[in-house]
$ cat data35.txt   # compact mmCIF, C-alpha atoms
# COMPACT_ATOMS: atom_id res chain seq x y z
CA ALA K 7 3.62 18.07 -8.30
CA GLY K 8 0.56 18.32 -6.07
CA ASN K 9 -0.84 18.94 -2.62
CA SER K 10 -3.21 16.68 -0.69
CA LEU K 11 -5.45 14.85 -3.22
CA GLY K 12 -3.46 16.64 -5.91
CA GLY K 13 -0.34 15.00 -4.52
CA TYR K 14 -1.99 11.60 -4.74
CA THR K 15 -2.93 12.38 -8.35
CA ALA K 16 0.63 13.46 -9.18
CA MET K 17 2.04 10.30 -7.62
CA TYR K 18 -0.44 8.11 -9.49
CA ALA K 19 0.23 9.85 -12.80
CA SER K 20 4.00 9.55 -12.32
CA SER K 21 3.64 5.78 -12.00
CA ASP K 22 1.52 5.41 -15.14
CA GLU K 23 3.19 3.16 -17.70
CA ARG K 24 2.10 5.47 -20.51
CA ILE K 25 4.07 8.48 -19.31
CA LYS K 26 6.47 7.37 -16.56
CA ASP K 27 9.48 7.35 -18.90
CA ASN K 28 8.97 11.08 -19.45
CA VAL K 29 8.58 12.01 -15.78
CA LYS K 30 11.80 13.44 -14.33
CA GLY K 31 10.57 13.85 -10.75
CA CYS K 32 7.52 13.82 -8.47
CA ILE K 33 6.91 16.46 -5.78
CA LEU K 34 4.45 15.62 -3.02
CA LEU K 35 3.17 18.32 -0.66
CA ASN K 36 1.36 16.48 2.15
CA ALA K 37 -0.05 14.00 -0.32
CA ALA K 38 -3.23 12.12 0.51
CA GLY K 39 -3.87 8.44 -0.19
CA ARG K 40 -4.65 5.16 1.53
CA PHE K 41 -2.07 2.60 2.59
CA ARG K 42 -2.68 -1.12 2.53
CA ASP K 43 -3.82 -2.60 5.85
CA LEU K 44 -1.72 -5.75 6.10
CA GLU K 45 -3.71 -6.95 9.10
CA ALA K 46 -7.12 -6.52 7.48
CA VAL K 47 -9.18 -9.67 7.02
CA GLU K 48 -11.27 -9.80 3.87
CA ASP K 49 -14.96 -10.27 4.52
CA THR K 50 -16.21 -12.82 2.01
CA SER K 51 -19.73 -13.12 3.43
CA GLU K 52 -22.67 -12.00 1.31
CA PRO K 53 -24.11 -8.69 2.61
CA ASN K 54 -27.82 -8.44 3.34
CA PRO K 55 -29.09 -6.27 0.44
CA ILE K 56 -31.88 -4.68 2.53
CA ILE K 57 -29.55 -3.72 5.37
CA GLN K 58 -26.97 -2.55 2.85
CA SER K 59 -29.47 -0.29 1.07
CA ILE K 60 -30.77 1.23 4.31
CA SER K 61 -27.24 1.79 5.60
CA ALA K 62 -26.18 3.45 2.33
CA ALA K 63 -29.24 5.72 2.34
CA ILE K 64 -28.60 6.83 5.93
CA GLN K 65 -24.92 7.41 5.19
CA ARG K 66 -25.71 9.48 2.12
CA PHE K 67 -28.23 11.62 4.06
CA VAL K 68 -25.80 12.27 6.91
CA ILE K 69 -22.98 13.21 4.52
CA ALA K 70 -25.33 15.47 2.52
CA CYS K 71 -26.25 17.35 5.70
CA SER K 72 -22.58 17.59 6.61
CA PHE K 73 -21.81 19.05 3.17
CA VAL K 74 -24.44 21.78 3.56
CA TYR K 75 -22.83 22.77 6.86
CA THR K 76 -19.23 22.43 5.68
CA LYS K 77 -19.59 24.71 2.65
CA GLN K 78 -20.73 27.70 4.71
CA PRO K 79 -18.15 30.53 4.59
CA LEU K 80 -17.69 30.72 8.35
CA ARG K 81 -17.13 26.97 8.57
CA ILE K 82 -14.67 27.05 5.66
CA GLU K 83 -12.70 29.79 7.40
CA GLN K 84 -12.73 27.84 10.66
CA ILE K 85 -11.37 24.73 8.95
CA LEU K 86 -8.73 26.71 7.07
CA ARG K 87 -7.38 28.20 10.29
CA GLN K 88 -7.01 24.66 11.64
CA VAL K 89 -4.89 23.56 8.68
CA TYR K 90 -2.79 26.75 8.68
CA PRO K 91 -1.55 26.23 12.27
CA ILE K 92 1.72 28.17 12.05
CA ASP K 93 0.74 31.25 10.01
CA ASP K 94 -2.90 31.82 9.09
CA SER K 95 -2.36 35.28 7.60
CA ASN K 96 -3.28 33.98 4.14
CA VAL K 97 -6.70 32.86 5.32
CA ASP K 98 -8.79 35.70 3.94
CA ALA K 99 -12.08 36.27 2.13
CA ASP K 100 -10.55 35.48 -1.27
CA LEU K 101 -9.25 32.11 -0.13
CA VAL K 102 -12.57 31.24 1.51
CA GLU K 103 -14.46 32.19 -1.65
CA SER K 104 -12.09 30.18 -3.86
CA ILE K 105 -13.06 27.09 -1.88
CA ARG K 106 -16.75 27.92 -1.56
CA THR K 107 -17.31 28.54 -5.28
CA PRO K 108 -16.63 24.95 -6.46
CA ALA K 109 -18.94 23.74 -3.66
CA LEU K 110 -21.83 25.50 -5.41
CA ASP K 111 -21.55 23.27 -8.48
CA ASP K 112 -24.44 20.88 -9.04
CA SER K 113 -22.12 17.87 -8.78
CA ALA K 114 -20.22 19.08 -5.71
CA ALA K 115 -22.33 17.16 -3.18
CA GLU K 116 -21.74 13.90 -5.05
CA VAL K 117 -18.00 14.54 -5.22
CA PHE K 118 -17.96 15.26 -1.47
CA TYR K 119 -19.83 12.01 -0.84
CA ARG K 120 -17.39 9.96 -2.91
CA VAL K 121 -14.35 11.51 -1.28
CA ILE K 122 -15.71 10.91 2.23
CA THR K 123 -16.76 7.33 1.49
CA LYS K 124 -13.76 6.66 -0.80
CA ASN K 125 -16.31 5.40 -3.27
CA GLY K 126 -14.88 6.23 -6.66
CA SER K 127 -15.04 4.31 -9.91
CA GLY K 128 -12.53 1.52 -10.49
CA PRO K 129 -10.29 -0.37 -8.05
CA GLN K 130 -8.57 1.37 -5.14
CA ALA K 131 -4.98 2.41 -5.90
CA TYR K 132 -2.98 2.20 -2.67
CA VAL K 133 0.02 4.39 -1.92
CA ASP K 134 2.11 1.26 -1.34
CA ASP K 135 1.50 0.01 -4.87
CA ILE K 136 2.06 3.42 -6.46
CA LEU K 137 5.38 3.93 -4.69
CA LYS K 138 6.52 0.51 -5.84
CA GLU K 139 5.91 1.48 -9.47
CA LEU K 140 7.59 4.90 -9.30
CA GLU K 141 10.84 5.09 -11.21
CA CYS K 142 11.60 8.78 -10.77
CA PRO K 143 13.05 10.77 -7.85
CA VAL K 144 10.48 11.84 -5.24
CA LEU K 145 10.46 14.95 -3.06
CA LEU K 146 8.36 15.01 0.09
CA ALA K 147 8.00 18.69 0.97
CA TRP K 148 6.03 18.07 4.13
CA GLY K 149 4.19 20.49 6.39
CA GLU K 150 5.05 18.76 9.64
CA SER K 151 2.21 20.42 11.60
CA ASP K 152 -0.56 19.12 9.33
CA PRO K 153 -3.53 18.06 11.51
CA TRP K 154 -5.06 16.01 8.66
CA ILE K 155 -2.22 14.12 6.96
CA ARG K 156 0.29 13.77 9.73
CA SER K 157 4.04 13.33 9.57
CA ALA K 158 3.57 9.60 10.12
CA ALA K 159 2.29 9.35 6.53
CA ALA K 160 5.56 10.77 5.19
CA ASP K 161 7.49 8.48 7.53
CA LYS K 162 5.66 5.49 6.07
CA MET K 163 6.27 6.65 2.50
CA GLU K 164 9.99 6.83 3.21
CA ARG K 165 10.02 3.35 4.78
CA LEU K 166 8.05 1.82 1.92
CA HIS K 167 10.21 3.49 -0.71
CA ALA K 168 13.36 2.11 0.96
CA GLU K 169 11.73 -1.33 1.18
CA PHE K 170 10.87 -1.33 -2.53
CA HIS K 171 13.88 0.47 -3.98
CA GLY K 172 16.61 0.25 -1.34
CA GLU K 173 18.51 2.97 0.49
CA ASN K 174 19.40 5.05 -2.56
CA VAL K 175 20.58 8.27 -0.95
CA GLY K 176 20.90 11.09 -3.45
CA GLY K 177 20.38 8.76 -6.39
CA GLU K 178 23.81 7.14 -6.11
CA ASN K 179 22.27 3.89 -7.39
CA GLY K 180 19.89 5.23 -10.02
CA SER K 181 16.80 7.42 -10.31
CA LYS K 182 14.63 5.67 -7.71
CA TRP K 183 15.36 7.86 -4.71
CA ILE K 184 13.34 9.86 -2.23
CA LYS K 185 14.14 13.06 -0.36
CA ARG K 186 12.23 14.69 2.46
CA VAL K 187 12.28 18.34 3.42
CA SER K 188 10.41 19.26 6.60
CA ILE K 189 8.43 22.49 6.35
CA ASP K 190 7.23 24.46 9.37
CA ALA K 191 3.62 24.55 8.21
CA GLY K 192 0.34 22.66 8.10
CA HIS K 193 -1.63 20.99 5.33
CA CYS K 194 -0.87 23.60 2.64
CA PRO K 195 2.85 24.31 3.05
CA HIS K 196 3.12 25.94 -0.39
CA ASP K 197 0.70 28.67 0.75
CA GLU K 198 1.64 28.91 4.41
CA ALA K 199 5.41 28.83 3.93
CA PRO K 200 5.99 29.47 0.19
CA GLU K 201 9.63 30.51 0.53
CA ALA K 202 10.61 27.27 2.27
CA VAL K 203 8.67 25.18 -0.26
CA ASN K 204 10.17 27.05 -3.21
CA ASP K 205 13.68 26.47 -1.82
CA ALA K 206 12.93 22.75 -1.43
CA ILE K 207 11.56 22.46 -4.96
CA LEU K 208 14.42 24.41 -6.55
CA GLY K 209 16.97 22.31 -4.68
CA PHE K 210 15.23 19.13 -5.82
CA MET K 211 15.13 20.33 -9.42
CA ASP K 212 18.84 21.13 -9.33
CA GLU K 213 19.48 17.50 -8.34
CA VAL K 214 16.98 15.97 -10.77
CA LEU K 215 17.81 18.04 -13.83
CA VAL K 216 21.57 17.62 -13.67
CA VAL K 217 22.79 17.20 -17.20

$ encode --input "data35.txt" --output "structure tokens"
Amino acid sequence: AGNSLGGYTAMYASSDERIKDNVKGCILLNAAGRFRDLEAVEDTSEPNPIIQSISAAIQRFVIACSFVYTKQPLRIEQILRQVYPIDDSNVDADLVESIRTPALDDSAAEVFYRVITKNGSGPQAYVDDILKELECPVLLAWGESDPWIRSAAADKMERLHAEFHGENVGGENGSKWIKRVSIDAGHCPHDEAPEAVNDAILGFMDEVLVV
């Protein structure tokens, strides 16, 4: 189970050949991740190395400046109130500090840069491909008022899952099924509406762990 990038990680781990047989279910709370762009045209031309280096240096500088601004407590609080659109009562000094503290790590700026530029190590794992490999039930507990990862992402996950695994409502045709529960919350439904998320998870577990 995971939220945002944690949701992407949970989904990816659940599809891993080494452990997938032991995974009973995958719970995604407004999971992040890129979808394949079927209309994208691959650019096979050789990039100019000078222009590429200058562009990368400028990009890194701009993102570094953005990071310095973004990790300020007042800015963190401002962003949090945007992603808790229904009930921001949990946005307090403790929550702000819990986010600011990791940003003080020596490697934090580099992590921020790689997340923004999607420049990690290894090939890109697309949500489409991960969903295709999933063999366990999936719960989408989705904060429908998320300003970052909108409901359209969950809509697409449902469509892709049906395309890959068929319309398997309630697991009537095996373990490859998906269920969506809409939560009246933003990007962090587990914190903004914990009761609703807990009910969704417990209901999902009752279905998944039927003996």

$ atom_distance --input "data35.txt" --atom1 "atom CA of Arg40 of chain K" --atom2 "atom CA of Asp135 of chain K"
10.3 Å

$ residues_around --input "data35.txt" --residues "Gly149 of chain K" --least-positions-apart "2" --cutoff "10 Å" --atoms "all atoms listed in the file" --output "list in words"
Leu35, Asn36, Val89, Tyr90, Ile92, Leu146, Ala147, Ser151, Asp152, Pro153, Ile155, Arg156, Ser157, Ala160, Val187, Ser188, Ile189, Asp190, Ala191, Gly192, His193, Cys194, Pro195, His196, Glu198, Ala199 and Val203 of chain K

$ closest_residue --input "data35.txt" --among "K:Ile184, K:Leu110, K:Ala131, K:Leu140" --to "Glu23 of chain K" --atoms "only C-alpha atoms"
K:Leu140

$ closest_residue --input "data35.txt" --among "K:Glu116, K:Asp43, K:Glu52, K:Glu150" --to "Phe73 of chain K" --atoms "all atoms listed in the file"
K:Glu116

$ closest_residue --input "data35.txt" --among "K:Ala206, K:Asp27, K:Ala37, K:Gln84" --to "Gly13 of chain K" --atoms "only C-alpha atoms"
K:Ala37

$ closest_residue --input "data35.txt" --among "K:Ala7, K:Ile57, K:Leu34, K:Ile69" --to "Arg120 of chain K" --atoms "all atoms listed in the file"
K:Ile69

$ atom_distance --input "data35.txt" --atom1 "atom CA of Leu208 of chain K" --atom2 "atom CA of Ser10 of chain K"
20.1 Å

$ closest_residue --input "data35.txt" --among "K:Ser95, K:Ile33, K:Val117, K:Gln88" --to "Ala70 of chain K" --atoms "only C-alpha atoms"
K:Val117

$ residues_around --input "data35.txt" --residues "Leu166 of chain K" --least-positions-apart "6" --cutoff "12 Å" --atoms "all atoms listed in the file" --output "list of chain:residue names"
K:Phe41, K:Arg42, K:Tyr132, K:Val133, K:Asp134, K:Asp135, K:Ile136, K:Leu137, K:Lys138, K:Glu139, K:Leu140, K:Ala159, K:Ala160, K:Gly172, K:Glu173, K:Trp183, K:Ile184

$ residues_around --input "data35.txt" --residues "Lys30 of chain K" --least-positions-apart "6" --cutoff "8 Å" --atoms "all atoms listed in the file" --output "tab-separated table (two decimals) with C-alpha atoms, in the frame of the given file"
chain	number	residue	atom	x	y	z
K	142	CYS	CA	11.60	8.78	-10.77
K	143	PRO	CA	13.05	10.77	-7.85
K	214	VAL	CA	16.98	15.97	-10.77
K	215	LEU	CA	17.81	18.04	-13.83

$ atom_distance --input "data35.txt" --atom1 "atom CA of Thr123 of chain K" --atom2 "atom CA of Ala62 of chain K"
10.2 Å

$ decode --input "data35.txt" --residues "segment 21-35 of chain K" --atoms "N, CA and C atoms" --output "PDB file, in the first residue's frame"
ATOM      1  N   SER K  21       4.211  -6.044  -8.758  1.00  0.00           N
ATOM      2  CA  SER K  21       4.336  -6.681 -10.071  1.00  0.00           C
ATOM      3  C   SER K  21       5.665  -7.402 -10.251  1.00  0.00           C
ATOM      4  N   ASP K  22       6.541  -7.311  -9.258  1.00  0.00           N
ATOM      5  CA  ASP K  22       7.868  -7.903  -9.339  1.00  0.00           C
ATOM      6  C   ASP K  22       7.784  -9.431  -9.315  1.00  0.00           C
ATOM      7  N   GLU K  23       8.399 -10.056 -10.312  1.00  0.00           N
ATOM      8  CA  GLU K  23       8.349 -11.512 -10.436  1.00  0.00           C
ATOM      9  C   GLU K  23       8.852 -12.229  -9.186  1.00  0.00           C
ATOM     10  N   ARG K  24       9.757 -11.590  -8.452  1.00  0.00           N
ATOM     11  CA  ARG K  24      10.360 -12.243  -7.299  1.00  0.00           C
ATOM     12  C   ARG K  24       9.413 -12.364  -6.117  1.00  0.00           C
ATOM     13  N   ILE K  25       8.402 -11.511  -6.049  1.00  0.00           N
ATOM     14  CA  ILE K  25       7.530 -11.537  -4.869  1.00  0.00           C
ATOM     15  C   ILE K  25       6.045 -11.577  -5.205  1.00  0.00           C
ATOM     16  N   LYS K  26       5.681 -11.411  -6.476  1.00  0.00           N
ATOM     17  CA  LYS K  26       4.270 -11.232  -6.823  1.00  0.00           C
ATOM     18  C   LYS K  26       3.385 -12.392  -6.378  1.00  0.00           C
ATOM     19  N   ASP K  27       3.930 -13.602  -6.312  1.00  0.00           N
ATOM     20  CA  ASP K  27       3.125 -14.750  -5.882  1.00  0.00           C
ATOM     21  C   ASP K  27       2.724 -14.655  -4.417  1.00  0.00           C
ATOM     22  N   ASN K  28       3.439 -13.828  -3.645  1.00  0.00           N
ATOM     23  CA  ASN K  28       3.142 -13.681  -2.221  1.00  0.00           C
ATOM     24  C   ASN K  28       2.323 -12.440  -1.901  1.00  0.00           C
ATOM     25  N   VAL K  29       2.011 -11.650  -2.919  1.00  0.00           N
ATOM     26  CA  VAL K  29       1.251 -10.415  -2.716  1.00  0.00           C
ATOM     27  C   VAL K  29      -0.242 -10.719  -2.864  1.00  0.00           C
ATOM     28  N   LYS K  30      -1.003 -10.443  -1.816  1.00  0.00           N
ATOM     29  CA  LYS K  30      -2.428 -10.749  -1.812  1.00  0.00           C
ATOM     30  C   LYS K  30      -3.286  -9.590  -2.343  1.00  0.00           C
ATOM     31  N   GLY K  31      -2.730  -8.374  -2.308  1.00  0.00           N
ATOM     32  CA  GLY K  31      -3.487  -7.226  -2.784  1.00  0.00           C
ATOM     33  C   GLY K  31      -2.626  -5.982  -2.805  1.00  0.00           C
ATOM     34  N   CYS K  32      -3.018  -5.005  -3.614  1.00  0.00           N
ATOM     35  CA  CYS K  32      -2.271  -3.756  -3.754  1.00  0.00           C
ATOM     36  C   CYS K  32      -3.232  -2.589  -3.566  1.00  0.00           C
ATOM     37  N   ILE K  33      -2.895  -1.696  -2.634  1.00  0.00           N
ATOM     38  CA  ILE K  33      -3.758  -0.554  -2.306  1.00  0.00           C
ATOM     39  C   ILE K  33      -3.067   0.728  -2.744  1.00  0.00           C
ATOM     40  N   LEU K  34      -3.715   1.464  -3.616  1.00  0.00           N
ATOM     41  CA  LEU K  34      -3.136   2.684  -4.182  1.00  0.00           C
ATOM     42  C   LEU K  34      -3.947   3.905  -3.750  1.00  0.00           C
ATOM     43  N   LEU K  35      -3.290   4.804  -3.036  1.00  0.00           N
ATOM     44  CA  LEU K  35      -3.904   6.053  -2.586  1.00  0.00           C
ATOM     45  C   LEU K  35      -3.335   7.182  -3.448  1.00  0.00           C
TER      46      LEU K  35
END
